[in-house]
file protein.cif (mmCIF, C-alpha atoms; chains and numbers go by the auth columns)
data_work
loop_
_atom_site.group_PDB
_atom_site.id
_atom_site.type_symbol
_atom_site.label_atom_id
_atom_site.label_comp_id
_atom_site.label_asym_id
_atom_site.label_seq_id
_atom_site.Cartn_x
_atom_site.Cartn_y
_atom_site.Cartn_z
_atom_site.B_iso_or_equiv
_atom_site.auth_seq_id
_atom_site.auth_asym_id
ATOM 1 C CA MET A 1 114.982 87.642 90.678 0.00 1 A
ATOM 2 C CA LEU A 2 111.333 86.661 91.054 0.00 2 A
ATOM 3 C CA ASP A 3 110.851 83.072 92.183 0.00 3 A
ATOM 4 C CA ILE A 4 107.830 81.828 90.230 0.00 4 A
ATOM 5 C CA SER A 5 107.592 78.774 92.494 0.00 5 A
ATOM 6 C CA GLU A 6 105.832 81.066 94.979 0.00 6 A
ATOM 7 C CA PHE A 7 102.836 81.118 92.626 0.00 7 A
ATOM 8 C CA TRP A 8 102.336 77.357 92.543 0.00 8 A
ATOM 9 C CA ARG A 9 101.259 76.551 96.047 0.00 9 A
ATOM 10 C CA ILE A 10 97.676 75.658 95.066 0.00 10 A
ATOM 11 C CA PRO A 11 97.587 71.873 94.495 0.00 11 A
ATOM 12 C CA VAL A 12 96.441 70.853 91.036 0.00 12 A
ATOM 13 C CA SER A 13 94.148 68.298 92.693 0.00 13 A
ATOM 14 C CA LEU A 14 91.884 71.150 93.808 0.00 14 A
ATOM 15 C CA GLY A 15 90.407 71.261 90.335 0.00 15 A
ATOM 16 C CA ALA A 16 89.433 74.247 88.241 0.00 16 A
ATOM 17 C CA ILE A 17 86.325 75.176 90.276 0.00 17 A
ATOM 18 C CA ARG A 18 88.120 75.101 93.643 0.00 18 A
ATOM 19 C CA ALA A 19 91.119 76.948 92.205 0.00 19 A
ATOM 20 C CA LEU A 20 88.766 79.670 90.950 0.00 20 A
ATOM 21 C CA GLY A 21 87.262 79.888 94.433 0.00 21 A
ATOM 22 C CA VAL A 22 90.724 80.373 95.929 0.00 22 A
ATOM 23 C CA VAL A 23 91.526 83.076 93.380 0.00 23 A
ATOM 24 C CA VAL A 24 88.390 85.081 94.197 0.00 24 A
ATOM 25 C CA GLY A 25 88.934 84.704 97.946 0.00 25 A
ATOM 26 C CA LEU A 26 86.229 82.210 98.910 0.00 26 A
ATOM 27 C CA GLY A 27 86.394 80.016 101.984 0.00 27 A
ATOM 28 C CA ALA A 28 86.709 76.236 101.883 0.00 28 A
ATOM 29 C CA GLY A 29 82.972 75.811 102.455 0.00 29 A
ATOM 30 C CA VAL A 30 81.982 77.881 99.410 0.00 30 A
ATOM 31 C CA THR A 31 81.957 76.575 95.846 0.00 31 A
ATOM 32 C CA VAL A 32 81.716 78.235 92.438 0.00 32 A
ATOM 33 C CA THR A 33 78.680 77.014 90.516 0.00 33 A
ATOM 34 C CA GLY A 34 79.402 78.742 87.221 0.00 34 A
ATOM 35 C CA VAL A 35 80.534 81.875 85.410 0.00 35 A
ATOM 36 C CA GLY A 36 78.313 83.971 83.147 0.00 36 A
ATOM 37 C CA ASP A 37 79.886 86.097 80.414 0.00 37 A
ATOM 38 C CA ARG A 38 77.517 88.307 78.441 0.00 38 A
ATOM 39 C CA ARG A 39 78.917 90.825 75.988 0.00 39 A
ATOM 40 C CA GLY A 40 78.606 94.361 77.278 0.00 40 A
ATOM 41 C CA GLY A 41 77.763 93.231 80.822 0.00 41 A
ATOM 42 C CA PRO A 42 79.743 92.274 83.907 0.00 42 A
ATOM 43 C CA LEU A 43 81.196 88.858 84.544 0.00 43 A
ATOM 44 C CA VAL A 44 78.876 86.961 86.898 0.00 44 A
ATOM 45 C CA VAL A 45 80.357 84.309 89.197 0.00 45 A
ATOM 46 C CA GLY A 46 77.791 82.036 90.837 0.00 46 A
ATOM 47 C CA VAL A 47 78.631 80.772 94.341 0.00 47 A
ATOM 48 C CA GLU A 48 76.904 78.833 97.097 0.00 48 A
ATOM 49 C CA LEU A 49 77.735 77.008 100.310 0.00 49 A
ATOM 50 C CA VAL A 50 78.649 73.328 100.244 0.00 50 A
ATOM 51 C CA GLY A 51 76.604 70.777 102.200 0.00 51 A
ATOM 52 C CA ARG A 52 73.636 70.975 104.529 0.00 52 A
ATOM 53 C CA PRO A 53 74.021 72.978 107.758 0.00 53 A
ATOM 54 C CA CYS A 54 72.639 72.126 111.178 0.00 54 A
ATOM 55 C CA CYS A 55 70.181 74.333 113.024 0.00 55 A
ATOM 56 C CA GLY A 56 71.940 77.096 114.901 0.00 56 A
ATOM 57 C CA GLY A 57 69.305 76.986 117.626 0.00 57 A
ATOM 58 C CA CYS A 58 68.853 73.333 118.586 0.00 58 A
ATOM 59 C CA GLY A 59 71.592 71.707 116.516 0.00 59 A
ATOM 60 C CA GLY A 60 69.150 69.383 114.758 0.00 60 A
ATOM 61 C CA ARG A 61 68.635 68.559 111.098 0.00 61 A
ATOM 62 C CA VAL A 62 66.989 71.132 108.830 0.00 62 A
ATOM 63 C CA HIS A 63 65.008 70.964 105.602 0.00 63 A
ATOM 64 C CA GLY A 64 65.473 73.045 102.488 0.00 64 A
ATOM 65 C CA HIS A 65 62.904 75.809 102.061 0.00 65 A
ATOM 66 C CA GLY A 66 63.828 77.418 98.730 0.00 66 A
ATOM 67 C CA SER A 67 66.547 79.881 97.855 0.00 67 A
ATOM 68 C CA SER A 68 67.188 83.331 96.424 0.00 68 A
ATOM 69 C CA THR A 69 70.154 84.793 94.577 0.00 69 A
ATOM 70 C CA VAL A 70 71.734 88.082 95.607 0.00 70 A
ATOM 71 C CA ARG A 71 73.996 89.928 93.172 0.00 71 A
ATOM 72 C CA LEU A 72 77.023 91.398 94.915 0.00 72 A
ATOM 73 C CA ALA A 73 79.487 93.880 93.422 0.00 73 A
ATOM 74 C CA ASP A 74 83.011 92.467 93.446 0.00 74 A
ATOM 75 C CA LEU A 75 86.502 93.569 92.433 0.00 75 A
ATOM 76 C CA PRO A 76 86.933 94.055 88.662 0.00 76 A
ATOM 77 C CA ALA A 77 88.784 91.447 86.611 0.00 77 A
ATOM 78 C CA PHE A 78 90.568 91.925 83.281 0.00 78 A
ATOM 79 C CA GLY A 79 89.196 95.447 83.023 0.00 79 A
ATOM 80 C CA ARG A 80 85.590 94.327 83.464 0.00 80 A
ATOM 81 C CA ALA A 81 83.099 94.692 86.294 0.00 81 A
ATOM 82 C CA VAL A 82 82.350 91.510 88.248 0.00 82 A
ATOM 83 C CA ARG A 83 79.208 90.447 90.066 0.00 83 A
ATOM 84 C CA VAL A 84 78.979 87.504 92.466 0.00 84 A
ATOM 85 C CA GLY A 85 75.667 85.671 92.318 0.00 85 A
ATOM 86 C CA TRP A 86 75.385 84.490 95.941 0.00 86 A
ATOM 87 C CA ARG A 87 72.724 81.739 96.141 0.00 87 A
ATOM 88 C CA GLU A 88 71.351 81.947 99.667 0.00 88 A
ATOM 89 C CA ARG A 89 69.493 78.768 100.560 0.00 89 A
ATOM 90 C CA ARG A 90 66.706 78.995 103.131 0.00 90 A
ATOM 91 C CA TRP A 91 66.449 76.302 105.798 0.00 91 A
ATOM 92 C CA LEU A 92 63.566 75.298 108.044 0.00 92 A
ATOM 93 C CA CYS A 93 63.967 73.606 111.416 0.00 93 A
ATOM 94 C CA PRO A 94 61.159 71.049 112.011 0.00 94 A
ATOM 95 C CA GLU A 95 61.487 71.343 115.801 0.00 95 A
ATOM 96 C CA GLU A 96 58.508 73.469 116.885 0.00 96 A
ATOM 97 C CA SER A 97 60.119 74.480 120.183 0.00 97 A
ATOM 98 C CA CYS A 98 63.247 75.794 118.437 0.00 98 A
ATOM 99 C CA ALA A 99 63.739 79.550 118.690 0.00 99 A
ATOM 100 C CA VAL A 100 65.402 79.781 115.255 0.00 100 A
ATOM 101 C CA ARG A 101 62.956 77.897 113.027 0.00 101 A
ATOM 102 C CA MET A 102 64.106 79.461 109.732 0.00 102 A
ATOM 103 C CA PHE A 103 67.454 80.867 108.561 0.00 103 A
ATOM 104 C CA THR A 104 69.476 81.453 105.388 0.00 104 A
ATOM 105 C CA ASP A 105 73.038 80.600 104.410 0.00 105 A
ATOM 106 C CA GLN A 106 75.646 83.090 105.644 0.00 106 A
ATOM 107 C CA ASP A 107 79.389 83.216 105.119 0.00 107 A
ATOM 108 C CA PRO A 108 81.587 86.235 105.992 0.00 108 A
ATOM 109 C CA THR A 109 84.117 85.337 103.280 0.00 109 A
ATOM 110 C CA VAL A 110 81.392 86.094 100.722 0.00 110 A
ATOM 111 C CA ALA A 111 79.578 89.055 102.302 0.00 111 A
ATOM 112 C CA PRO A 112 77.974 90.198 105.576 0.00 112 A
ATOM 113 C CA PRO A 113 74.172 89.928 105.914 0.00 113 A
ATOM 114 C CA ARG A 114 72.185 92.428 103.801 0.00 114 A
ATOM 115 C CA ALA A 115 75.333 93.662 102.049 0.00 115 A
ATOM 116 C CA ARG A 116 75.424 94.568 98.368 0.00 116 A
ATOM 117 C CA MET A 117 79.186 94.105 97.956 0.00 117 A
ATOM 118 C CA THR A 118 81.484 91.172 98.636 0.00 118 A
ATOM 119 C CA SER A 119 83.643 91.396 101.735 0.00 119 A
ATOM 120 C CA ARG A 120 86.848 91.782 99.764 0.00 120 A
ATOM 121 C CA ALA A 121 85.397 94.500 97.521 0.00 121 A
ATOM 122 C CA ALA A 122 84.104 96.372 100.576 0.00 122 A
ATOM 123 C CA ARG A 123 87.525 96.202 102.259 0.00 123 A
ATOM 124 C CA HIS A 124 89.111 97.465 99.045 0.00 124 A
ATOM 125 C CA ALA A 125 86.640 100.365 98.872 0.00 125 A
ATOM 126 C CA ALA A 126 87.303 101.297 102.516 0.00 126 A
ATOM 127 C CA ARG A 127 91.065 101.307 101.933 0.00 127 A
ATOM 128 C CA ARG A 128 90.720 103.450 98.806 0.00 128 A
ATOM 129 C CA ALA A 129 88.475 105.918 100.616 0.00 129 A
ATOM 130 C CA GLY A 130 91.001 106.074 103.439 0.00 130 A
ATOM 131 C CA LEU A 131 93.647 107.080 100.903 0.00 131 A
ATOM 132 C CA GLY A 132 91.516 110.013 99.809 0.00 132 A
ATOM 133 C CA ARG A 133 89.733 108.605 96.763 0.00 133 A
ATOM 134 C CA ALA A 134 86.246 110.007 96.151 0.00 134 A
ATOM 135 C CA ILE A 135 83.335 107.602 96.553 0.00 135 A
ATOM 136 C CA SER A 136 82.245 108.357 92.976 0.00 136 A
ATOM 137 C CA GLU A 137 85.680 107.286 91.692 0.00 137 A
ATOM 138 C CA ILE A 138 85.597 104.032 93.665 0.00 138 A
ATOM 139 C CA ALA A 139 82.062 103.342 92.425 0.00 139 A
ATOM 140 C CA ALA A 140 83.181 103.836 88.816 0.00 140 A
ATOM 141 C CA GLU A 141 86.149 101.523 89.388 0.00 141 A
ATOM 142 C CA LEU A 142 83.925 98.738 90.751 0.00 142 A
ATOM 143 C CA GLY A 143 81.027 99.366 88.396 0.00 143 A
ATOM 144 C CA ALA A 144 78.735 99.827 91.405 0.00 144 A
ATOM 145 C CA GLY A 145 76.349 102.518 92.595 0.00 145 A
ATOM 146 C CA TRP A 146 77.458 105.417 94.783 0.00 146 A
ATOM 147 C CA HIS A 147 75.139 104.443 97.650 0.00 147 A
ATOM 148 C CA THR A 148 76.312 100.805 97.524 0.00 148 A
ATOM 149 C CA VAL A 149 79.948 101.846 97.865 0.00 149 A
ATOM 150 C CA MET A 150 79.191 104.472 100.512 0.00 150 A
ATOM 151 C CA ALA A 151 77.326 101.925 102.650 0.00 151 A
ATOM 152 C CA ALA A 152 80.251 99.498 102.415 0.00 152 A
ATOM 153 C CA VAL A 153 82.821 102.181 103.268 0.00 153 A
ATOM 154 C CA HIS A 154 80.733 103.258 106.255 0.00 154 A
ATOM 155 C CA ARG A 155 80.355 99.701 107.556 0.00 155 A
ATOM 156 C CA TRP A 156 83.976 98.615 107.158 0.00 156 A
ATOM 157 C CA GLY A 157 85.552 102.011 107.706 0.00 157 A
ATOM 158 C CA SER A 158 83.707 102.560 110.986 0.00 158 A
ATOM 159 C CA ALA A 159 85.032 99.273 112.360 0.00 159 A
ATOM 160 C CA LEU A 160 88.577 100.098 111.252 0.00 160 A
ATOM 161 C CA LEU A 161 88.446 103.576 112.752 0.00 161 A
ATOM 162 C CA GLU A 162 87.050 102.280 116.037 0.00 162 A
ATOM 163 C CA ALA A 163 89.889 99.763 116.303 0.00 163 A
ATOM 164 C CA ASP A 164 92.640 102.178 115.241 0.00 164 A
ATOM 165 C CA THR A 165 93.110 104.130 118.459 0.00 165 A
ATOM 166 C CA ASN A 166 96.806 104.754 117.750 0.00 166 A
ATOM 167 C CA ARG A 167 95.941 107.480 115.259 0.00 167 A
ATOM 168 C CA VAL A 168 94.971 109.847 118.087 0.00 168 A
ATOM 169 C CA GLU A 169 98.126 109.320 120.139 0.00 169 A
ATOM 170 C CA GLY A 170 100.296 112.407 120.379 0.00 170 A
ATOM 171 C CA VAL A 171 97.542 114.783 119.230 0.00 171 A
ATOM 172 C CA THR A 172 98.119 118.249 120.688 0.00 172 A
ATOM 173 C CA ALA A 173 95.778 120.379 118.557 0.00 173 A
ATOM 174 C CA LEU A 174 92.568 119.629 116.692 0.00 174 A
ATOM 175 C CA GLY A 175 91.121 121.413 113.683 0.00 175 A
ATOM 176 C CA LEU A 176 87.403 121.290 112.813 0.00 176 A
ATOM 177 C CA ASP A 177 85.727 122.109 109.519 0.00 177 A
ATOM 178 C CA GLU A 178 82.258 121.497 108.125 0.00 178 A
ATOM 179 C CA ILE A 179 81.842 119.567 104.886 0.00 179 A
ATOM 180 C CA LEU A 180 78.806 118.926 102.671 0.00 180 A
ATOM 181 C CA MET A 181 78.548 115.140 102.508 0.00 181 A
ATOM 182 C CA PHE A 182 75.606 114.668 100.140 0.00 182 A
ATOM 183 C CA ARG A 183 72.127 115.841 99.125 0.00 183 A
ATOM 184 C CA ARG A 184 69.068 113.645 99.522 0.00 184 A
ATOM 185 C CA GLY A 185 65.353 113.757 98.909 0.00 185 A
ATOM 186 C CA ARG A 186 62.998 115.573 96.593 0.00 186 A
ATOM 187 C CA TYR A 187 64.273 118.965 97.628 0.00 187 A
ATOM 188 C CA ARG A 188 67.928 117.878 97.703 0.00 188 A
ATOM 189 C CA ASP A 189 68.310 118.539 101.414 0.00 189 A
ATOM 190 C CA LYS A 190 71.903 119.093 102.501 0.00 190 A
ATOM 191 C CA HIS A 191 73.530 116.640 104.911 0.00 191 A
ATOM 192 C CA TRP A 192 76.630 117.948 106.615 0.00 192 A
ATOM 193 C CA GLY A 193 79.580 116.449 108.407 0.00 193 A
ATOM 194 C CA THR A 194 82.460 117.779 110.482 0.00 194 A
ATOM 195 C CA THR A 195 86.045 116.788 109.717 0.00 195 A
ATOM 196 C CA ILE A 196 88.416 116.419 112.670 0.00 196 A
ATOM 197 C CA VAL A 197 92.068 116.961 111.808 0.00 197 A
ATOM 198 C CA ASP A 198 95.378 116.664 113.644 0.00 198 A
ATOM 199 C CA THR A 199 96.617 120.146 112.753 0.00 199 A
ATOM 200 C CA ARG A 200 100.225 119.521 113.806 0.00 200 A
ATOM 201 C CA ARG A 201 100.680 116.534 111.506 0.00 201 A
ATOM 202 C CA GLY A 202 98.083 117.571 108.911 0.00 202 A
ATOM 203 C CA ARG A 203 96.204 114.279 109.117 0.00 203 A
ATOM 204 C CA LEU A 204 92.484 113.530 108.975 0.00 204 A
ATOM 205 C CA LEU A 205 91.386 111.720 112.133 0.00 205 A
ATOM 206 C CA ASP A 206 87.648 111.271 111.629 0.00 206 A
ATOM 207 C CA ILE A 207 84.414 112.674 110.205 0.00 207 A
ATOM 208 C CA VAL A 208 81.317 112.982 112.410 0.00 208 A
ATOM 209 C CA ALA A 209 77.735 113.600 111.344 0.00 209 A
ATOM 210 C CA GLY A 210 76.332 117.130 111.514 0.00 210 A
ATOM 211 C CA ARG A 211 78.033 120.478 111.816 0.00 211 A
ATOM 212 C CA SER A 212 77.099 121.416 115.366 0.00 212 A
ATOM 213 C CA ALA A 213 79.488 121.224 118.305 0.00 213 A
ATOM 214 C CA ASP A 214 77.721 118.168 119.734 0.00 214 A
ATOM 215 C CA GLY A 215 79.279 115.592 117.411 0.00 215 A
ATOM 216 C CA ALA A 216 82.811 116.929 117.710 0.00 216 A
ATOM 217 C CA THR A 217 82.509 117.241 121.503 0.00 217 A
ATOM 218 C CA ALA A 218 81.286 113.645 121.830 0.00 218 A
ATOM 219 C CA TRP A 219 84.172 112.435 119.652 0.00 219 A
ATOM 220 C CA ASP A 220 86.644 114.428 121.726 0.00 220 A
ATOM 221 C CA CYS A 221 85.405 112.912 124.975 0.00 221 A
ATOM 222 C CA HIS A 222 85.344 109.384 123.569 0.00 222 A
ATOM 223 C CA PHE A 223 88.791 109.283 121.988 0.00 223 A
ATOM 224 C CA LEU A 224 90.780 111.777 124.001 0.00 224 A
ATOM 225 C CA CYS A 225 89.282 112.077 127.474 0.00 225 A
ATOM 226 C CA VAL A 226 87.926 108.587 128.163 0.00 226 A
ATOM 227 C CA ARG A 227 90.920 106.805 126.656 0.00 227 A
ATOM 228 C CA GLY A 228 93.376 109.135 128.345 0.00 228 A
ATOM 229 C CA VAL A 229 95.192 110.096 125.170 0.00 229 A
ATOM 230 C CA VAL A 230 95.648 113.694 126.335 0.00 230 A
#
call {"tool": "encode", "arguments": {"input": "protein.cif", "output": "structure tokens"}}
result
Amino acid sequence: MLDISEFWRIPVSLGAIRALGVVVGLGAGVTVTGVGDRRGGPLVVGVELVGRPCCGGCGGRVHGHGSSTVRLADLPAFGRAVRVGWRERRWLCPEESCAVRMFTDQDPTVAPPRARMTSRAARHAARRAGLGRAISEIAAELGAGWHTVMAAVHRWGSALLEADTNRVEGVTALGLDEILMFRRGRYRDKHWGTTIVDTRRGRLLDIVAGRSADGATAWDCHFLCVRGVV
């Protein structure tokens, strides 16, 4: 029988705003500033960091120097697309000898720098792609553009693949096949990739750019020869 007490570990004293931040996966230093709900559009959750930071260069006090809001694709909620309005405040260090001088708010629980998706949505997209879902399907699910999702899958998926060295253990035979990844530009130029498969277990190991032998050979040396897998 399901113990509903497991769902009540968030203290009521947190308040509605903090509880909402916990639900959407924000860190303790991030607060929700509001929620926008326009008919026919996505839900927009406004967030920003709490408090004034110190300079990362000299450790001194900094002054506010404006802000800008970045809209980040997030996981859908209640069957609707969600956007996080991340208010990035700019800060100026008054110390002329400081090497930093100016910086903006950053928090990995919201999104990495220059990202167009929240961290949790990007991790979700990478997991779905790893299970074989097409990028176009994931983009439709999140209400985001194909290129936005592809960039997130590449960033997070590359890190996961680099760390997951166990997937190449016990490989005795590799299979290679070219695959058309996408078309780009005015003349719809073809961009190819090469899939690398464990033929004995029928499992995809990696995809490298291009369809020449160079990419596959470099991958083989990196994962199999250098790491002593075979």
call {"tool": "closest_atom_pairs", "arguments": {"input": "protein.cif", "of": "segment 40-121 of chain A", "to": "segment 137-160 of chain A", "cutoff": "12 Å", "atoms": "only C-alpha atoms", "output": "Markdown table"}}
result
| residue | atom | partner | partner_atom | distance |
| --- | --- | --- | --- | --- |
| A:Gly41 | CA | A:Gly143 | CA | 10.3 |
| A:Pro42 | CA | A:Gly143 | CA | 8.5 |
| A:Leu43 | CA | A:Gly143 | CA | 11.2 |
| A:Arg71 | CA | A:Ala144 | CA | 11.1 |
| A:Leu72 | CA | A:Ala144 | CA | 9.3 |
| A:Ala73 | CA | A:Ala144 | CA | 6.3 |
| A:Asp74 | CA | A:Leu142 | CA | 6.9 |
| A:Leu75 | CA | A:Leu142 | CA | 6.0 |
| A:Pro76 | CA | A:Leu142 | CA | 5.9 |
| A:Ala77 | CA | A:Leu142 | CA | 9.7 |
| A:Gly79 | CA | A:Glu141 | CA | 9.3 |
| A:Arg80 | CA | A:Gly143 | CA | 8.4 |
| A:Ala81 | CA | A:Gly143 | CA | 5.5 |
| A:Val82 | CA | A:Leu142 | CA | 7.8 |
| A:Arg83 | CA | A:Gly143 | CA | 9.3 |
| A:Ala111 | CA | A:Ala152 | CA | 10.5 |
| A:Pro112 | CA | A:Arg155 | CA | 10.0 |
| A:Pro113 | CA | A:Arg155 | CA | 11.7 |
| A:Arg114 | CA | A:Ala152 | CA | 10.8 |
| A:Ala115 | CA | A:Ala152 | CA | 7.6 |
| A:Arg116 | CA | A:Thr148 | CA | 6.4 |
| A:Met117 | CA | A:Ala152 | CA | 7.1 |
| A:Thr118 | CA | A:Ala152 | CA | 9.2 |
| A:Ser119 | CA | A:Ala152 | CA | 8.8 |
| A:Arg120 | CA | A:Trp156 | CA | 10.5 |
| A:Ala121 | CA | A:Leu142 | CA | 8.1 |
call {"tool": "closest_residue", "arguments": {"input": "protein.cif", "among": "A:Leu204, A:Ala209, A:Val30, A:Leu174", "to": "Gly132 of chain A", "atoms": "all atoms listed in the file"}}
result
A:Leu204
call {"tool": "atom_distance", "arguments": {"input": "protein.cif", "atom1": "atom CA of Glu88 of chain A", "atom2": "atom CA of Thr69 of chain A"}}
result
6.0 Å
call {"tool": "closest_atom_pairs", "arguments": {"input": "protein.cif", "of": "segment 121-164 of chain A", "to": "segment 168-173 of chain A", "cutoff": "12 Å", "atoms": "all atoms listed in the file", "output": "JSON lines"}}
result
{"residue": "A:Leu161", "atom": "CA", "partner": "A:Val168", "partner_atom": "CA", "distance": 10.5}
{"residue": "A:Glu162", "atom": "CA", "partner": "A:Val168", "partner_atom": "CA", "distance": 11.1}
{"residue": "A:Ala163", "atom": "CA", "partner": "A:Val168", "partner_atom": "CA", "distance": 11.4}
{"residue": "A:Asp164", "atom": "CA", "partner": "A:Val168", "partner_atom": "CA", "distance": 8.5}
call {"tool": "atom_distance", "arguments": {"input": "protein.cif", "atom1": "atom CA of Cys93 of chain A", "atom2": "atom CA of Val62 of chain A"}}
result
4.7 Å
call {"tool": "residues_around", "arguments": {"input": "protein.cif", "residues": "Gly36 of chain A", "least_positions_apart": "5", "cutoff": "8 Å", "atoms": "only C-alpha atoms", "output": "PyMOL selection string"}}
result
chain A and resi 43-46
call {"tool": "write_last_selection", "arguments": {"input": "protein.cif", "atoms": "C-alpha atoms", "output": "PDB file, in the coordinates of the input"}}
result
ATOM      1  CA  LEU A  43      81.196  88.858  84.544  1.00  0.00           C
ATOM      2  CA  VAL A  44      78.876  86.961  86.898  1.00  0.00           C
ATOM      3  CA  VAL A  45      80.357  84.309  89.197  1.00  0.00           C
ATOM      4  CA  GLY A  46      77.791  82.036  90.837  1.00  0.00           C
TER       5      GLY A  46
END
call {"tool": "resolve_selection", "arguments": {"input": "protein.cif", "expression": "the PyMOL selection byres ((chain A and resi 89-91) around 7)", "output": "ChimeraX atom specification"}}
result
/A:62-68,87-88,92-93,102-105
call {"tool": "write_last_selection", "arguments": {"input": "protein.cif", "atoms": "C-alpha atoms", "output": "mmCIF file, in the frame of the given file"}}
result
data_model
loop_
_atom_site.group_PDB
_atom_site.id
_atom_site.type_symbol
_atom_site.label_atom_id
_atom_site.label_comp_id
_atom_site.auth_asym_id
_atom_site.auth_seq_id
_atom_site.Cartn_x
_atom_site.Cartn_y
_atom_site.Cartn_z
ATOM 1 C CA VAL A 62 66.989 71.132 108.830
ATOM 2 C CA HIS A 63 65.008 70.964 105.602
ATOM 3 C CA GLY A 64 65.473 73.045 102.488
ATOM 4 C CA HIS A 65 62.904 75.809 102.061
ATOM 5 C CA GLY A 66 63.828 77.418 98.730
ATOM 6 C CA SER A 67 66.547 79.881 97.855
ATOM 7 C CA SER A 68 67.188 83.331 96.424
ATOM 8 C CA ARG A 87 72.724 81.739 96.141
ATOM 9 C CA GLU A 88 71.351 81.947 99.667
ATOM 10 C CA LEU A 92 63.566 75.298 108.044
ATOM 11 C CA CYS A 93 63.967 73.606 111.416
ATOM 12 C CA MET A 102 64.106 79.461 109.732
ATOM 13 C CA PHE A 103 67.454 80.867 108.561
ATOM 14 C CA THR A 104 69.476 81.453 105.388
ATOM 15 C CA ASP A 105 73.038 80.600 104.410
#
call {"tool": "closest_residue", "arguments": {"input": "protein.cif", "among": "A:Cys58, A:Thr199, A:Leu205, A:Trp219", "to": "Arg167 of chain A", "atoms": "only C-alpha atoms"}}
result
A:Leu205
call {"tool": "atom_distance", "arguments": {"input": "protein.cif", "atom1": "atom CA of His124 of chain A", "atom2": "atom CA of Pro108 of chain A"}}
result
15.2 Å
call {"tool": "closest_residue", "arguments": {"input": "protein.cif", "among": "A:Val50, A:Ala216, A:Cys221, A:Val110", "to": "Val70 of chain A", "atoms": "all atoms listed in the file"}}
result
A:Val110
call {"tool": "residues_around", "arguments": {"input": "protein.cif", "residues": "Thr195 of chain A", "least_positions_apart": "3", "cutoff": "8 Å", "atoms": "all atoms listed in the file", "output": "PyMOL selection string"}}
result
chain A and resi 175-179+204-208
call {"tool": "resolve_selection", "arguments": {"input": "protein.cif", "expression": "the PyMOL selection byres ((chain A and resi 191) around 9)", "output": "PyMOL selection string"}}
result
chain A and resi 179-184+189-190+192-193+209-210
call {"tool": "closest_residue", "arguments": {"input": "protein.cif", "among": "A:Arg133, A:Arg123, A:Gly29, A:Ala218", "to": "Pro53 of chain A", "atoms": "all atoms listed in the file"}}
result
A:Gly29
call {"tool": "closest_residue", "arguments": {"input": "protein.cif", "among": "A:Asp198, A:Asp214, A:Asp107, A:Glu95", "to": "Cys55 of chain A", "atoms": "all atoms listed in the file"}}
result
A:Glu95
